[in-house]
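Listing of final-v7.pdb; format and content: PDB, C-alpha atoms and all ligand atoms.
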ATOM      1  CA  MET Z1057      73.767  83.803 104.286
ATOM      2  CA  SER Z1058      72.703  84.856 100.867
ATOM      3  CA  LEU Z1059      74.095  87.734  98.900
ATOM      4  CA  PRO Z1060      71.429  90.249  99.999
ATOM      5  CA  ALA Z1061      72.159  89.446 103.657
ATOM      6  CA  VAL Z1062      75.895  90.008 103.209
ATOM      7  CA  LEU Z1063      75.209  93.211 101.269
ATOM      8  CA  ARG Z1064      72.973  94.363 104.121
ATOM      9  CA  ASP Z1065      75.814  93.752 106.591
ATOM     10  CA  LEU Z1066      78.201  95.606 104.307
ATOM     11  CA  ARG Z1067      75.864  98.621 104.105
ATOM     12  CA  ALA Z1068      75.608  98.539 107.917
ATOM     13  CA  ALA Z1069      79.414  98.455 108.192
ATOM     14  CA  GLU Z1070      79.699 101.461 105.852
ATOM     15  CA  ASP Z1071      77.088 103.303 107.868
ATOM     16  CA  SER Z1072      78.751 102.715 111.228
ATOM     17  CA  ALA Z1073      82.102 103.719 109.723
ATOM     18  CA  GLY Z1074      80.493 106.977 108.574
ATOM     19  CA  ARG Z1075      81.056 106.118 104.919
ATOM     20  CA  PRO Z1076      78.563 106.592 102.072
ATOM     21  CA  ALA Z1077      76.391 103.614 101.066
ATOM     22  CA  GLY Z1078      77.974 101.851  98.119
ATOM     23  CA  SER Z1079      81.495 103.126  98.722
ATOM     24  CA  VAL Z1080      82.644  99.552  99.364
ATOM     25  CA  ARG Z1081      82.155  96.887  96.712
ATOM     26  CA  LEU Z1082      81.483  93.257  97.573
ATOM     27  CA  VAL Z1083      83.756  90.723  95.899
ATOM     28  CA  ALA Z1084      81.899  87.421  96.262
ATOM     29  CA  VAL Z1085      84.483  84.649  96.501
ATOM     30  CA  SER Z1086      83.019  81.564  94.829
ATOM     31  CA  LYS Z1087      86.111  79.322  95.026
ATOM     32  CA  GLY Z1088      85.431  75.714  95.826
ATOM     33  CA  HIS Z1089      81.708  76.075  95.190
ATOM     34  CA  SER Z1090      79.847  74.650  92.238
ATOM     35  CA  LEU Z1091      77.879  76.887  89.924
ATOM     36  CA  GLU Z1092      74.773  75.344  91.448
ATOM     37  CA  GLN Z1093      75.745  76.497  94.936
ATOM     38  CA  ILE Z1094      76.847  79.857  93.612
ATOM     39  CA  GLY Z1095      73.545  80.139  91.808
ATOM     40  CA  ALA Z1096      71.561  79.519  94.963
ATOM     41  CA  HIS Z1097      73.415  82.094  97.027
ATOM     42  CA  VAL Z1098      74.774  84.646  94.607
ATOM     43  CA  LEU Z1099      73.768  84.565  90.955
ATOM     44  CA  ALA Z1100      70.064  84.574  91.722
ATOM     45  CA  HIS Z1101      70.634  88.151  92.845
ATOM     46  CA  SER Z1102      72.946  89.317  90.126
ATOM     47  CA  GLY Z1103      70.259  91.606  88.722
ATOM     48  CA  LEU Z1104      69.680  93.169  92.098
ATOM     49  CA  GLN Z1105      72.183  95.910  91.730
ATOM     50  CA  PRO Z1106      74.007  95.894  88.407
ATOM     51  CA  GLY Z1107      77.694  96.167  89.056
ATOM     52  CA  GLY Z1108      77.034  96.000  92.783
ATOM     53  CA  PHE Z1109      79.340  93.069  93.276
ATOM     54  CA  ALA Z1110      81.996  91.039  91.494
ATOM     55  CA  LEU Z1111      82.731  87.308  91.592
ATOM     56  CA  ALA Z1112      86.227  86.067  92.419
ATOM     57  CA  GLU Z1113      88.193  82.862  92.134
ATOM     58  CA  ASN Z1114      91.701  81.973  93.292
ATOM     59  CA  ARG Z1115      92.581  79.302  90.714
ATOM     60  CA  GLY Z1116      92.923  79.989  87.019
ATOM     61  CA  GLN Z1117      91.368  76.818  85.678
ATOM     62  CA  GLU Z1118      88.402  76.956  88.016
ATOM     63  CA  LEU Z1119      87.813  80.530  86.951
ATOM     64  CA  ARG Z1120      88.022  79.727  83.260
ATOM     65  CA  ASP Z1121      85.631  76.798  83.620
ATOM     66  CA  LYS Z1122      83.042  78.795  85.550
ATOM     67  CA  VAL Z1123      83.214  81.694  83.116
ATOM     68  CA  ALA Z1124      82.741  79.260  80.238
ATOM     69  CA  GLU Z1125      79.792  77.533  81.901
ATOM     70  CA  LEU Z1126      78.085  80.835  82.622
ATOM     71  CA  ALA Z1127      78.766  82.212  79.168
ATOM     72  CA  GLY Z1128      76.097  79.827  77.910
ATOM     73  CA  SER Z1129      73.475  81.546  80.048
ATOM     74  CA  SER Z1130      72.251  85.035  79.255
ATOM     75  CA  ASP Z1131      70.875  85.524  82.767
ATOM     76  CA  HIS Z1132      73.964  87.176  84.182
ATOM     77  CA  PRO Z1133      75.261  89.556  81.556
ATOM     78  CA  ALA Z1134      76.728  92.091  83.971
ATOM     79  CA  LEU Z1135      78.936  89.707  85.938
ATOM     80  CA  GLU Z1136      82.448  90.914  86.596
ATOM     81  CA  TRP Z1137      85.199  88.437  87.505
ATOM     82  CA  HIS Z1138      88.212  89.106  89.710
ATOM     83  CA  PHE Z1139      91.241  86.935  90.411
ATOM     84  CA  ILE Z1140      92.488  86.662  93.997
ATOM     85  CA  GLY Z1141      94.921  83.733  93.884
ATOM     86  CA  PRO Z1142      98.660  83.441  93.331
ATOM     87  CA  VAL Z1143      99.498  84.536  89.767
ATOM     88  CA  GLN Z1144     101.395  81.678  88.110
ATOM     89  CA  ARG Z1145     103.056  82.551  84.858
ATOM     90  CA  ASN Z1146     101.954  79.420  83.034
ATOM     91  CA  LYS Z1147      98.347  79.894  84.168
ATOM     92  CA  VAL Z1148      97.855  83.543  83.255
ATOM     93  CA  LYS Z1149      96.247  82.309  80.044
ATOM     94  CA  TYR Z1150      93.170  81.306  82.049
ATOM     95  CA  LEU Z1151      92.541  84.868  83.199
ATOM     96  CA  LYS Z1152      91.283  86.413  79.978
ATOM     97  CA  ALA Z1153      87.815  87.208  81.393
ATOM     98  CA  VAL Z1154      89.182  88.900  84.521
ATOM     99  CA  ALA Z1155      88.568  92.615  85.104
ATOM    100  CA  LEU Z1156      90.829  92.947  88.149
ATOM    101  CA  ILE Z1157      93.741  90.879  89.491
ATOM    102  CA  HIS Z1158      94.170  91.539  93.227
ATOM    103  CA  THR Z1159      97.399  89.627  93.703
ATOM    104  CA  ILE Z1160     100.407  90.975  91.804
ATOM    105  CA  GLU Z1161     103.432  90.374  94.068
ATOM    106  CA  ASP Z1162     106.368  90.901  91.740
ATOM    107  CA  LEU Z1163     107.401  92.215  88.342
ATOM    108  CA  GLU Z1164     107.576  88.768  86.725
ATOM    109  CA  GLN Z1165     103.883  88.206  87.409
ATOM    110  CA  ALA Z1166     103.029  91.632  85.996
ATOM    111  CA  GLU Z1167     105.086  90.975  82.880
ATOM    112  CA  ALA Z1168     103.283  87.684  82.292
ATOM    113  CA  VAL Z1169      99.909  89.422  82.621
ATOM    114  CA  ALA Z1170     100.967  92.297  80.362
ATOM    115  CA  LYS Z1171     102.156  89.883  77.715
ATOM    116  CA  ALA Z1172      98.918  87.894  77.814
ATOM    117  CA  ALA Z1173      96.928  91.133  77.713
ATOM    118  CA  GLU Z1174      98.615  92.087  74.473
ATOM    119  CA  ALA Z1175      97.373  88.895  72.886
ATOM    120  CA  TRP Z1176      93.862  89.377  74.341
ATOM    121  CA  GLY Z1177      93.608  92.969  73.135
ATOM    122  CA  HIS Z1178      92.509  94.128  76.585
ATOM    123  CA  ALA Z1179      94.192  94.304  79.966
ATOM    124  CA  PRO Z1180      92.877  93.672  83.466
ATOM    125  CA  GLY Z1181      93.441  96.272  86.156
ATOM    126  CA  VAL Z1182      95.772  95.123  88.909
ATOM    127  CA  LEU Z1183      96.335  95.567  92.629
ATOM    128  CA  LEU Z1184      99.657  94.967  94.354
ATOM    129  CA  GLN Z1185      99.472  92.440  97.190
ATOM    130  CA  VAL Z1186     101.281  93.648 100.283
ATOM    131  CA  HIS Z1187     102.911  91.277 102.735
ATOM    132  CA  ASN Z1188     101.155  91.586 106.086
ATOM    133  CA  GLY Z1189     104.294  91.422 108.204
ATOM    134  CA  GLU Z1190     103.169  88.202 109.921
ATOM    135  CA  ALA Z1191     103.878  84.590 109.036
ATOM    136  CA  GLN Z1192     102.596  84.569 105.492
ATOM    137  CA  LYS Z1193     103.981  83.507 102.184
ATOM    138  CA  HIS Z1194     102.460  86.021  99.813
ATOM    139  CA  GLY Z1195     102.858  89.694  99.120
ATOM    140  CA  ALA Z1196     105.533  92.279  98.395
ATOM    141  CA  ASP Z1197     107.385  93.860 101.304
ATOM    142  CA  VAL Z1198     106.275  97.379 102.079
ATOM    143  CA  ALA Z1199     109.779  98.692 101.352
ATOM    144  CA  GLU Z1200     109.577  97.310  97.808
ATOM    145  CA  LEU Z1201     106.228  98.874  96.973
ATOM    146  CA  PRO Z1202     107.325 102.181  95.391
ATOM    147  CA  GLY Z1203     109.780 100.413  93.073
ATOM    148  CA  LEU Z1204     107.322  97.649  92.253
ATOM    149  CA  LEU Z1205     104.600 100.200  91.488
ATOM    150  CA  ARG Z1206     106.909 102.022  89.101
ATOM    151  CA  SER Z1207     108.058  98.902  87.290
ATOM    152  CA  VAL Z1208     104.585  97.356  87.036
ATOM    153  CA  ARG Z1209     103.299 100.596  85.523
ATOM    154  CA  GLN Z1210     106.080 100.406  82.950
ATOM    155  CA  THR Z1211     104.608  97.136  81.684
ATOM    156  CA  GLY Z1212     101.526  99.145  80.681
ATOM    157  CA  LEU Z1213      99.244  97.667  83.340
ATOM    158  CA  GLU Z1214      97.011  99.981  85.321
ATOM    159  CA  VAL Z1215      97.770  99.674  89.035
ATOM    160  CA  ARG Z1216      94.630 100.684  90.903
ATOM    161  CA  GLY Z1217      95.500  99.903  94.486
ATOM    162  CA  LEU Z1218      96.721  97.530  97.164
ATOM    163  CA  MET Z1219      95.465  94.219  98.524
ATOM    164  CA  VAL Z1220      96.293  92.595 101.838
ATOM    165  CA  MET Z1221      95.363  89.448 103.760
ATOM    166  CA  ALA Z1222      95.019  90.116 107.474
ATOM    167  CA  PRO Z1223      96.321  87.555 109.962
ATOM    168  CA  TYR Z1224      93.588  85.135 111.034
ATOM    169  CA  ASP Z1225      92.163  85.009 114.540
ATOM    170  CA  ASP Z1226      93.930  88.135 115.724
ATOM    171  CA  PRO Z1227      91.601  91.124 115.427
ATOM    172  CA  ALA Z1228      94.118  93.591 116.881
ATOM    173  CA  ALA Z1229      96.794  92.521 114.398
ATOM    174  CA  ALA Z1230      94.221  92.679 111.584
ATOM    175  CA  GLU Z1231      93.353  96.266 112.510
ATOM    176  CA  ARG Z1232      97.047  97.185 112.431
ATOM    177  CA  VAL Z1233      97.496  95.557 109.038
ATOM    178  CA  PHE Z1234      94.417  97.345 107.633
ATOM    179  CA  ALA Z1235      95.558 100.707 108.981
ATOM    180  CA  ASP Z1236      99.116 100.267 107.679
ATOM    181  CA  THR Z1237      97.931  99.192 104.238
ATOM    182  CA  ALA Z1238      95.527 102.129 103.996
ATOM    183  CA  ALA Z1239      98.392 104.468 104.911
ATOM    184  CA  GLN Z1240     100.614 102.882 102.247
ATOM    185  CA  ALA Z1241      97.931 103.254  99.574
ATOM    186  CA  ALA Z1242      97.429 106.913 100.479
ATOM    187  CA  HIS Z1243     101.181 107.465 100.433
ATOM    188  CA  LEU Z1244     101.412 105.927  96.952
ATOM    189  CA  GLY Z1245      98.349 107.789  95.678
ATOM    190  CA  LEU Z1246      96.416 104.574  95.035
ATOM    191  CA  SER Z1247      92.646 104.607  95.507
ATOM    192  CA  GLU Z1248      91.560 100.956  95.659
ATOM    193  CA  LEU Z1249      92.034  98.946  98.853
ATOM    194  CA  SER Z1250      91.136  95.252  98.774
ATOM    195  CA  MET Z1251      91.007  94.074 102.374
ATOM    196  CA  GLY Z1252      88.610  92.343 104.708
ATOM    197  CA  MET Z1253      87.090  88.862 104.482
ATOM    198  CA  SER Z1254      84.146  87.042 106.086
ATOM    199  CA  ASP Z1255      85.280  87.543 109.672
ATOM    200  CA  ASP Z1256      86.882  90.944 109.569
ATOM    201  CA  PHE Z1257      85.308  93.059 106.842
ATOM    202  CA  PRO Z1258      83.650  95.579 109.189
ATOM    203  CA  ALA Z1259      87.104  96.448 110.577
ATOM    204  CA  ALA Z1260      88.499  96.722 107.056
ATOM    205  CA  VAL Z1261      85.635  99.050 106.097
ATOM    206  CA  ARG Z1262      86.448 101.261 109.093
ATOM    207  CA  HIS Z1263      90.007 101.522 107.774
ATOM    208  CA  GLY Z1264      88.991 102.482 104.246
ATOM    209  CA  ALA Z1265      88.552  99.229 102.265
ATOM    210  CA  THR Z1266      86.968  99.803  98.847
ATOM    211  CA  LEU Z1267      86.724  96.073  98.027
ATOM    212  CA  VAL Z1268      85.930  93.333 100.556
ATOM    213  CA  ARG Z1269      86.461  89.688  99.587
ATOM    214  CA  VAL Z1270      83.792  87.546 101.212
ATOM    215  CA  GLY Z1271      83.601  83.773 100.715
ATOM    216  CA  ARG Z1272      82.447  81.531 103.567
ATOM    217  CA  ARG Z1273      79.861  83.916 104.884
ATOM    218  CA  LEU Z1274      78.029  83.824 101.563
ATOM    219  CA  PHE Z1275      77.591  80.093 101.645
ATOM    220  CA  THR Z1276      76.691  79.248 105.226
ATOM    221  CA  GLN Z1277      73.091  78.259 105.781
ATOM    222  CA  GLU Z1278      72.110  80.449 108.712
ATOM    223  CA  ASP Z1279      69.882  83.431 107.938
TER     224      ASP Z1279
HETATM  225  C1  LIG L1301      89.235  82.567 100.169
HETATM  226  C2  LIG L1301      89.706  83.945 100.108
HETATM  227  C3  LIG L1301      88.909  84.993 100.608
HETATM  228  C4  LIG L1301      87.563  84.767 101.263
HETATM  229  O1  LIG L1301      87.743  84.292 102.552
HETATM  230  P1  LIG L1301      86.505  83.936 103.497
HETATM  231  O2  LIG L1301      87.131  83.816 104.826
HETATM  232  O3  LIG L1301      85.938  82.678 102.954
HETATM  233  O4  LIG L1301      85.555  85.078 103.414
HETATM  234  C5  LIG L1301      89.404  86.274 100.492
HETATM  235  N1  LIG L1301      90.600  86.535  99.922
HETATM  236  C6  LIG L1301      91.390  85.558  99.436
HETATM  237  C7  LIG L1301      92.694  85.911  98.833
HETATM  238  C8  LIG L1301      90.965  84.240  99.513
HETATM  239  O5  LIG L1301      91.752  83.272  99.027
END
Please go through the file and, once you have read it, give me the structure as structure tokens.
Ligand SMILES: *Cc1c(COP(=O)(O)O)cnc(C)c1O
Amino acid sequence: MSLPAVLRDLRAAEDSAGRPAGSVRLVAVSKGHSLEQIGAHVLAHSGLQPGGFALAENRGQELRDKVAELAGSSDHPALEWHFIGPVQRNKVKYLKAVALIHTIEDLEQAEAVAKAAEAWGHAPGVLLQVHNGEAQKHGADVAELPGLLRSVRQTGLEVRGLMVMAPYDDPAAAERVFADTAAQAAHLGLSELSMGMSDDFPAAVRHGATLVRVGRRLFTQED
């Protein structure tokens, strides 16, 4: 599917969830795809709705390289980059162009980002990644969230919301995870909710996602 097709599905998901058009932003996950492939499916439409979507990568070097390659072209001035991978202290330096980091799991990661941001003269917004309660490596435990929120804010970073990865291939568990994460965000007074991927974003939209991270569906050939 191309970007317009995924955006159409997203607008349909908003509509059937009774939410206003444009209340959910598409984060187009370009990891593992060359700029050529990304161009064919995504960048060709970057003028279609300025600010209507962001691009995301999950590895620092890949992100830096793609940003650098695109910087040479003036065709995509409004592109916004997000980071959705594990934040490694020694690789934070690659994230200078990033507007939003979805995946802060602990204070050490936040401190590394805050320190880099000082040198850059600008700071990315951040989301706290929540552990989904299933077999999964990443994310802070729900019980730690209030303390983590407080300490990350003390680094000077702006915490805008929560991010979660739903369990794969278990729609009922995914719904539970989306509902729980939305409740946590409301409890903490956080407005952004990054949840939902290619297979489950309509469910995430029903539960209040404000950012959906879609990769595979953007690059398959059907449609
Ligand atoms: C790859 C990835 C996605 C996109 O997943 P798809 O199933 O390809 O849509 C979303 N979020 C994170 C954190 C990812 O690593």
Exercise. Once the PyMOL selection byres (((chain Z and resi 1220-1223) around 9) and not hetatm) has been applied to the shown file, what residues remain in the selection, as number ranges by chain?
Worked result: Z: 1158-1159, 1184-1188, 1190-1192, 1194-1195, 1218-1219, 1224-1227, 1229-1234, 1237, 1249-1253, 1256
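Once the PyMOL selection byres (((not hetatm)) within 7 of (chain L and resi 1301)) is applied to the shown structure, the selection contains Val1085, Lys1087, Asn1114, Ile1140, Gly1141, Met1221, Met1253, Ser1254, Asp1255, Arg1269, Val1270, Gly1271, Arg1272 and Arg1273 of chain Z.
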Exercise. Out of Z:Glu1164, Z:Glu1174, Z:Asp1197, Z:Glu1136, which residue has the shortest atom-to-atom distance to Leu1099 in chain Z when counting all atoms listed in the file?
Worked result: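 Counting all atoms listed in the file, the residue closest to Leu1099 in chain Z is Z:Glu1136.
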Exercise. Hey, which of Z:Val1123, Z:Ala1265, Z:Ala1241, Z:Val1169 ends up closest to Ser1086 in chain Z? Count only C-alpha atoms.
Worked result: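 Distance minimum relative to Ser1086 in chain Z lands on Z:Val1123.
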Exercise. Can you tell me, as JSON, numbers by chain, what residues are no more than 10 Å from Ser1247 in chain Z when counting all atoms listed in the file, ignoring any on the same chain fewer than 5 positions away?
Worked result: {"Z": [1215, 1216, 1217, 1218, 1238, 1241, 1242, 1264, 1265, 1266]}
Problem set entry | Residue neighbourhood Ala1077 in chain Z, 12 Å, all atoms listed in the file, exclusion window fewer than 4 positions, as a PyMOL selection string | chain Z and resi 1063-1073+1081+1108+1261+1266
